[in-house]
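Chemist: My structure file entry.pdb, PDB, C-alpha atoms, is below:
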```pdb
ATOM      1  CA  MET I   1     169.146 158.511 122.388
ATOM      2  CA  ILE I   2     168.006 158.810 118.758
ATOM      3  CA  ALA I   3     164.337 158.980 117.759
ATOM      4  CA  ASP I   4     163.713 158.982 114.006
ATOM      5  CA  ASP I   5     161.464 156.778 111.899
ATOM      6  CA  HIS I   6     163.906 156.625 108.965
ATOM      7  CA  PRO I   7     166.518 153.817 109.328
ATOM      8  CA  MET I   8     168.884 155.533 106.892
ATOM      9  CA  VAL I   9     168.881 158.702 109.014
ATOM     10  CA  ARG I  10     169.674 156.717 112.150
ATOM     11  CA  CYS I  11     172.406 154.867 110.284
ATOM     12  CA  GLY I  12     173.926 158.161 109.134
ATOM     13  CA  ILE I  13     173.906 159.534 112.680
ATOM     14  CA  ARG I  14     175.607 156.367 113.949
ATOM     15  CA  GLN I  15     178.350 156.812 111.366
ATOM     16  CA  VAL I  16     178.868 160.436 112.380
ATOM     17  CA  PHE I  17     179.018 159.622 116.088
ATOM     18  CA  ALA I  18     181.479 156.780 115.519
ATOM     19  CA  ALA I  19     184.182 159.377 114.867
ATOM     20  CA  TYR I  20     183.791 160.945 118.327
ATOM     21  CA  GLU I  21     184.847 159.191 121.523
ATOM     22  CA  ASP I  22     182.588 161.320 123.738
ATOM     23  CA  LEU I  23     179.393 160.414 121.868
ATOM     24  CA  ARG I  24     177.615 157.108 122.465
ATOM     25  CA  ILE I  25     174.143 156.024 121.365
ATOM     26  CA  THR I  26     172.234 154.433 124.237
ATOM     27  CA  GLY I  27     169.133 153.544 122.235
ATOM     28  CA  GLU I  28     167.142 154.081 119.047
ATOM     29  CA  ALA I  29     163.411 154.537 118.535
ATOM     30  CA  SER I  30     161.316 154.773 115.381
ATOM     31  CA  SER I  31     158.148 156.242 116.915
ATOM     32  CA  GLY I  32     157.080 158.473 119.769
ATOM     33  CA  ASN I  33     155.582 155.615 121.776
ATOM     34  CA  GLU I  34     158.710 153.550 121.302
ATOM     35  CA  LEU I  35     160.832 156.453 122.526
ATOM     36  CA  LEU I  36     158.751 156.937 125.674
ATOM     37  CA  ALA I  37     158.979 153.229 126.460
ATOM     38  CA  LEU I  38     162.732 153.211 125.855
ATOM     39  CA  LEU I  39     163.304 156.217 128.102
ATOM     40  CA  LYS I  40     161.777 154.269 130.987
ATOM     41  CA  LYS I  41     164.401 151.536 130.571
ATOM     42  CA  GLU I  42     167.535 153.310 129.364
ATOM     43  CA  ARG I  43     169.291 156.435 130.604
ATOM     44  CA  CYS I  44     170.713 159.092 128.313
ATOM     45  CA  ASP I  45     172.070 162.640 128.502
ATOM     46  CA  VAL I  46     170.320 163.976 125.376
ATOM     47  CA  VAL I  47     167.384 162.949 123.195
ATOM     48  CA  LEU I  48     167.875 163.631 119.487
ATOM     49  CA  LEU I  49     164.318 163.902 118.212
ATOM     50  CA  ASP I  50     162.615 164.016 114.820
ATOM     51  CA  LEU I  51     159.216 165.689 115.276
ATOM     52  CA  SER I  52     157.528 163.956 112.303
ATOM     53  CA  MET I  53     157.218 160.349 113.444
ATOM     54  CA  PRO I  54     154.274 157.925 113.544
ATOM     55  CA  GLY I  55     152.085 157.867 116.636
ATOM     56  CA  VAL I  56     152.319 160.664 119.189
ATOM     57  CA  ASN I  57     152.761 163.996 117.395
ATOM     58  CA  GLY I  58     155.861 166.120 117.924
ATOM     59  CA  VAL I  59     154.385 168.717 120.270
ATOM     60  CA  GLU I  60     152.660 166.134 122.465
ATOM     61  CA  LEU I  61     155.851 164.060 122.561
ATOM     62  CA  LEU I  62     157.947 167.035 123.692
ATOM     63  CA  GLN I  63     155.422 167.825 126.398
ATOM     64  CA  GLU I  64     155.268 164.208 127.573
ATOM     65  CA  ILE I  65     159.068 163.933 127.752
ATOM     66  CA  GLY I  66     159.079 167.120 129.803
ATOM     67  CA  ARG I  67     156.524 165.668 132.217
ATOM     68  CA  GLN I  68     158.214 162.292 132.608
ATOM     69  CA  HIS I  69     161.860 163.413 132.434
ATOM     70  CA  GLU I  70     161.899 167.023 133.570
ATOM     71  CA  ASN I  71     165.626 167.728 133.250
ATOM     72  CA  LEU I  72     166.326 165.691 130.118
ATOM     73  CA  PRO I  73     167.419 167.978 127.241
ATOM     74  CA  VAL I  74     165.743 167.357 123.887
ATOM     75  CA  LEU I  75     167.473 168.441 120.679
ATOM     76  CA  VAL I  76     165.221 168.477 117.615
ATOM     77  CA  LEU I  77     166.690 167.290 114.306
ATOM     78  CA  SER I  78     164.158 168.134 111.621
ATOM     79  CA  MET I  79     163.682 168.612 107.896
ATOM     80  CA  HIS I  80     161.386 171.568 108.670
ATOM     81  CA  SER I  81     163.176 174.925 108.700
ATOM     82  CA  GLU I  82     160.141 177.219 108.886
ATOM     83  CA  ARG I  83     159.895 179.557 111.870
ATOM     84  CA  GLN I  84     156.617 178.075 113.079
ATOM     85  CA  PHE I  85     158.190 174.630 113.532
ATOM     86  CA  VAL I  86     161.247 175.982 115.355
ATOM     87  CA  ALA I  87     159.155 178.241 117.593
ATOM     88  CA  SER I  88     156.680 175.471 118.417
ATOM     89  CA  ALA I  89     159.466 173.044 119.340
ATOM     90  CA  ILE I  90     161.204 175.523 121.646
ATOM     91  CA  ARG I  91     157.919 176.661 123.169
ATOM     92  CA  ASN I  92     157.039 173.064 124.028
ATOM     93  CA  GLY I  93     160.274 172.049 125.683
ATOM     94  CA  ALA I  94     163.078 171.519 123.156
ATOM     95  CA  VAL I  95     166.384 173.150 124.114
ATOM     96  CA  GLY I  96     167.809 173.060 120.615
ATOM     97  CA  TYR I  97     166.919 172.748 116.942
ATOM     98  CA  VAL I  98     169.083 171.547 114.046
ATOM     99  CA  ALA I  99     168.116 171.258 110.388
ATOM    100  CA  LYS I 100     168.698 167.855 108.799
ATOM    101  CA  GLY I 101     170.553 169.448 105.912
ATOM    102  CA  SER I 102     173.235 170.938 108.166
ATOM    103  CA  ASP I 103     176.833 169.753 108.411
ATOM    104  CA  PRO I 104     177.485 166.880 110.851
ATOM    105  CA  GLU I 105     179.860 169.122 112.823
ATOM    106  CA  ILE I 106     176.946 171.409 113.671
ATOM    107  CA  LEU I 107     174.947 168.476 115.017
ATOM    108  CA  VAL I 108     177.880 167.307 117.146
ATOM    109  CA  HIS I 109     178.413 170.816 118.515
ATOM    110  CA  ALA I 110     174.698 171.113 119.276
ATOM    111  CA  ILE I 111     174.646 167.836 121.211
ATOM    112  CA  ARG I 112     177.634 168.849 123.299
ATOM    113  CA  LYS I 113     176.095 172.254 123.966
ATOM    114  CA  VAL I 114     172.712 170.999 125.180
ATOM    115  CA  ALA I 115     174.288 168.106 127.101
ATOM    116  CA  GLY I 116     176.222 170.742 129.035
ATOM    117  CA  GLY I 117     173.060 172.595 129.955
ATOM    118  CA  GLY I 118     173.028 175.117 127.112
ATOM    119  CA  GLN I 119     170.687 175.882 124.249
ATOM    120  CA  PHE I 120     171.344 175.758 120.516
ATOM    121  CA  ILE I 121     169.750 176.998 117.321
ATOM    122  CA  ASP I 122     171.184 175.939 113.968
ATOM    123  CA  PRO I 123     173.038 178.956 112.492
ATOM    124  CA  SER I 124     171.105 178.460 109.246
ATOM    125  CA  LEU I 125     167.859 179.052 111.163
ATOM    126  CA  VAL I 126     168.887 182.017 113.302
ATOM    127  CA  GLU I 127     167.718 184.647 110.811
ATOM    128  CA  VAL I 128     164.333 182.954 110.488
ATOM    129  CA  VAL I 129     163.891 182.839 114.261
ATOM    130  CA  VAL I 130     165.317 186.230 115.223
ATOM    131  CA  PHE I 131     163.858 188.222 112.335
ATOM    132  CA  PRO I 132     160.352 186.834 111.782
ATOM    133  CA  THR I 133     158.140 188.342 109.143
ATOM    134  CA  THR I 134     155.971 191.245 110.281
ATOM    135  CA  LYS I 135     153.366 190.717 107.563
ATOM    136  CA  GLN I 136     149.723 190.203 108.374
ATOM    137  CA  GLU I 137     148.518 186.771 109.450
ATOM    138  CA  ARG I 138     149.050 184.444 106.517
ATOM    139  CA  LEU I 139     146.107 182.815 104.824
ATOM    140  CA  PRO I 140     145.363 179.109 105.296
ATOM    141  CA  GLU I 141     146.052 178.532 101.595
ATOM    142  CA  GLU I 142     149.593 179.850 102.079
ATOM    143  CA  LEU I 143     150.427 177.517 104.947
ATOM    144  CA  LEU I 144     148.258 174.422 104.765
ATOM    145  CA  SER I 145     147.674 171.600 102.321
ATOM    146  CA  MET I 146     144.201 171.067 100.901
ATOM    147  CA  ARG I 147     143.694 168.063 103.195
ATOM    148  CA  GLU I 148     144.740 170.086 106.245
ATOM    149  CA  ILE I 149     142.317 172.878 105.309
ATOM    150  CA  GLN I 150     139.559 170.305 104.869
ATOM    151  CA  ILE I 151     140.189 168.837 108.315
ATOM    152  CA  LEU I 152     140.482 172.303 109.873
ATOM    153  CA  ARG I 153     137.138 173.302 108.341
ATOM    154  CA  MET I 154     135.398 170.163 109.615
ATOM    155  CA  PHE I 155     136.934 170.275 113.088
ATOM    156  CA  SER I 156     136.165 173.967 113.587
ATOM    157  CA  SER I 157     132.566 173.240 112.575
ATOM    158  CA  GLY I 158     132.230 170.947 115.581
ATOM    159  CA  ILE I 159     132.649 167.589 113.857
ATOM    160  CA  PRO I 160     134.436 165.027 116.108
ATOM    161  CA  LEU I 161     137.748 163.623 114.882
ATOM    162  CA  GLY I 162     136.280 160.113 114.675
ATOM    163  CA  THR I 163     133.508 161.309 112.386
ATOM    164  CA  ILE I 164     136.002 163.243 110.273
ATOM    165  CA  ALA I 165     138.025 160.055 109.893
ATOM    166  CA  GLN I 166     134.981 158.073 108.740
ATOM    167  CA  THR I 167     133.882 160.798 106.323
ATOM    168  CA  LEU I 168     137.326 161.084 104.712
ATOM    169  CA  CYS I 169     138.021 157.324 104.821
ATOM    170  CA  LEU I 170     141.067 157.885 107.014
ATOM    171  CA  SER I 171     142.119 156.354 110.317
ATOM    172  CA  PRO I 172     141.532 158.434 113.472
ATOM    173  CA  LYS I 173     145.294 158.427 114.045
ATOM    174  CA  THR I 174     145.903 159.913 110.579
ATOM    175  CA  VAL I 175     143.350 162.655 111.194
ATOM    176  CA  SER I 176     144.964 163.436 114.560
ATOM    177  CA  THR I 177     148.349 163.683 112.845
ATOM    178  CA  TYR I 178     146.968 166.081 110.226
ATOM    179  CA  LYS I 179     145.433 168.218 112.977
ATOM    180  CA  ALA I 180     148.665 168.303 114.977
ATOM    181  CA  ARG I 181     150.707 169.294 111.919
ATOM    182  CA  LEU I 182     148.365 172.079 110.874
ATOM    183  CA  MET I 183     148.442 173.425 114.442
ATOM    184  CA  GLU I 184     152.243 173.423 114.322
ATOM    185  CA  LYS I 185     152.217 175.282 111.013
ATOM    186  CA  LEU I 186     149.804 177.876 112.392
ATOM    187  CA  GLU I 187     151.735 178.149 115.700
ATOM    188  CA  ILE I 188     148.559 177.343 117.612
ATOM    189  CA  ASP I 189     148.705 175.304 120.820
ATOM    190  CA  ASN I 190     145.044 174.786 121.733
ATOM    191  CA  ASN I 191     141.661 174.028 120.191
ATOM    192  CA  ALA I 192     140.061 177.331 121.197
ATOM    193  CA  ASP I 193     142.645 179.399 119.291
ATOM    194  CA  LEU I 194     142.390 176.994 116.362
ATOM    195  CA  ILE I 195     138.636 177.518 116.150
ATOM    196  CA  ARG I 196     139.092 181.295 116.398
ATOM    197  CA  TYR I 197     141.621 181.172 113.560
ATOM    198  CA  ALA I 198     139.159 179.215 111.420
ATOM    199  CA  ALA I 199     136.409 181.715 112.231
ATOM    200  CA  ARG I 200     138.604 184.677 111.234
ATOM    201  CA  HIS I 201     139.202 183.045 107.870
ATOM    202  CA  ARG I 202     135.572 182.008 107.455
ATOM    203  CA  LEU I 203     136.281 178.301 107.523
ATOM    204  CA  ALA I 204     134.049 177.321 110.424
ATOM    205  CA  GLY I 205     130.560 176.218 109.462
ATOM    206  CA  ASN I 206     131.354 175.981 105.730
TER     207      ASN I 206
END
```
Could you take the file, read its structure, and then write that structure out as structure tokens?
Modeler:
Amino acid sequence: MIADDHPMVRCGIRQVFAAYEDLRITGEASSGNELLALLKKERCDVVLLDLSMPGVNGVELLQEIGRQHENLPVLVLSMHSERQFVASAIRNGAVGYVAKGSDPEILVHAIRKVAGGGQFIDPSLVEVVVFPTTKQERLPEELLSMREIQILRMFSSGIPLGTIAQTLCLSPKTVSTYKARLMEKLEIDNNADLIRYAARHRLAGN
């Protein structure tokens, strides 16, 4: 089952799979909520998942799939090749990770591998994952956009997400998406660690 909000990406995957008799698409979704609903109606052996879709954020979606479909392997297909994205996906339930810029043969091999119960990391990402940087904790300015830093500063100061949304003239869903993405970038899984990170970098209360 394919979950990606870009029709052209889904079309490209369909064209790749058409050349292989052992690969069949059982359903397509363009959002996290749509995927969860589809999984309740259709069976599949592997979910091919883009983490950056509207609605439920990537980490929450991986966790929810794990709760509802415990033994269903999820292979992430993403444009993000940074270590923090790969590590977060694997930590939250993905059994494989492939970069969108990789050759189609790599994607096909990855699907077969995880469908058979194995795990797979795109060869182009192995060095990033196996040999992470040992430098000191990177500064927010090195990892986050200005909007993400703004939301991090407000959230860590105790401002509710709804109030942040009103202040910045954004929808609550957009603010939640920003928060989820900055947590992925920082490799942080919970609010307490996020607030501690902000405090270390003197963002809270400013």
Chemist: Using the chain letters and numbering of this document, enumerate as a compact mmCIF listing (two decimals) with C-alpha atoms, in the frame of the given file the residues selected by the PyMOL selection byres ((chain I and resi 6) around 10).
Modeler:
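Result saved to result_1.txt:
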```txt
# COMPACT_ATOMS: atom_id res chain seq x y z
CA ALA I 3 164.34 158.98 117.76
CA ASP I 4 163.71 158.98 114.01
CA ASP I 5 161.46 156.78 111.90
CA PRO I 7 166.52 153.82 109.33
CA MET I 8 168.88 155.53 106.89
CA VAL I 9 168.88 158.70 109.01
CA ARG I 10 169.67 156.72 112.15
CA CYS I 11 172.41 154.87 110.28
CA ALA I 29 163.41 154.54 118.54
CA SER I 30 161.32 154.77 115.38
CA SER I 31 158.15 156.24 116.92
CA ASP I 50 162.62 164.02 114.82
CA MET I 53 157.22 160.35 113.44
```
Chemist: Check what the PyMOL selection byres ((chain I and resi 110) around 12) selects in the file above and give those residues as a count of residues only.
Modeler: 35
Chemist: On this file, the PyMOL selection byres ((chain I and resi 169-177) around 12) gives some set of residues; write that set as a ChimeraX atom specification.
Modeler: /I:51-60,147-152,154-155,160-168,178-184
Chemist: Around the point (158.5, 152.7, 123.7) in the file's coordinates, collect all residues with an atom within 12 Å, using only C-alpha atoms, and return them as a list in words.
Modeler: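 The answer, in the requested form, is Ala3, Gly27, Glu28, Ala29, Ser30, Ser31, Gly32, Asn33, Glu34, Leu35, Leu36, Ala37, Leu38, Leu39, Lys40, Lys41, Glu42, Gly55, Val56, Leu61 and Ile65 of chain I.
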Chemist: Generate a file of the selected residues that holds C-alpha atoms, formatted as a JSON list (two decimals), keeping the file's coordinate frame.
Modeler:
```
[["chain", "number", "residue", "atom", "x", "y", "z"],
["I", 3, "ALA", "CA", 164.34, 158.98, 117.76],
["I", 27, "GLY", "CA", 169.13, 153.54, 122.24],
["I", 28, "GLU", "CA", 167.14, 154.08, 119.05],
["I", 29, "ALA", "CA", 163.41, 154.54, 118.54],
["I", 30, "SER", "CA", 161.32, 154.77, 115.38],
["I", 31, "SER", "CA", 158.15, 156.24, 116.92],
["I", 32, "GLY", "CA", 157.08, 158.47, 119.77],
["I", 33, "ASN", "CA", 155.58, 155.62, 121.78],
["I", 34, "GLU", "CA", 158.71, 153.55, 121.30],
["I", 35, "LEU", "CA", 160.83, 156.45, 122.53],
["I", 36, "LEU", "CA", 158.75, 156.94, 125.67],
["I", 37, "ALA", "CA", 158.98, 153.23, 126.46],
["I", 38, "LEU", "CA", 162.73, 153.21, 125.86],
["I", 39, "LEU", "CA", 163.30, 156.22, 128.10],
["I", 40, "LYS", "CA", 161.78, 154.27, 130.99],
["I", 41, "LYS", "CA", 164.40, 151.54, 130.57],
["I", 42, "GLU", "CA", 167.54, 153.31, 129.36],
["I", 55, "GLY", "CA", 152.08, 157.87, 116.64],
["I", 56, "VAL", "CA", 152.32, 160.66, 119.19],
["I", 61, "LEU", "CA", 155.85, 164.06, 122.56],
["I", 65, "ILE", "CA", 159.07, 163.93, 127.75]]
```
Chemist: May I have the residues at most 9 Å from (137.9, 176.0, 116.5) in the file's coordinates, counting all atoms listed in the file, as a list in words?
Modeler: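 The residues that fall inside the cut-off are Leu152, Arg153, Phe155, Ser156, Ser157, Gly158, Asn190, Asn191, Ala192, Asp193, Leu194, Ile195, Arg196, Tyr197, Ala198, Ala199 and Ala204 of chain I.
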Chemist: Rounded to one decimal place, report the atom CA of I:Ser124-atom CA of I:Arg14 distance in Å.
Modeler: 23.0 Å
Chemist: Report, in Å with one decimal, the straight-line distance from atom CA of I:Gly93 to atom CA of I:Leu62.
Modeler: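 Value for the atom CA of I:Gly93-atom CA of I:Leu62 distance: 5.9 Å.
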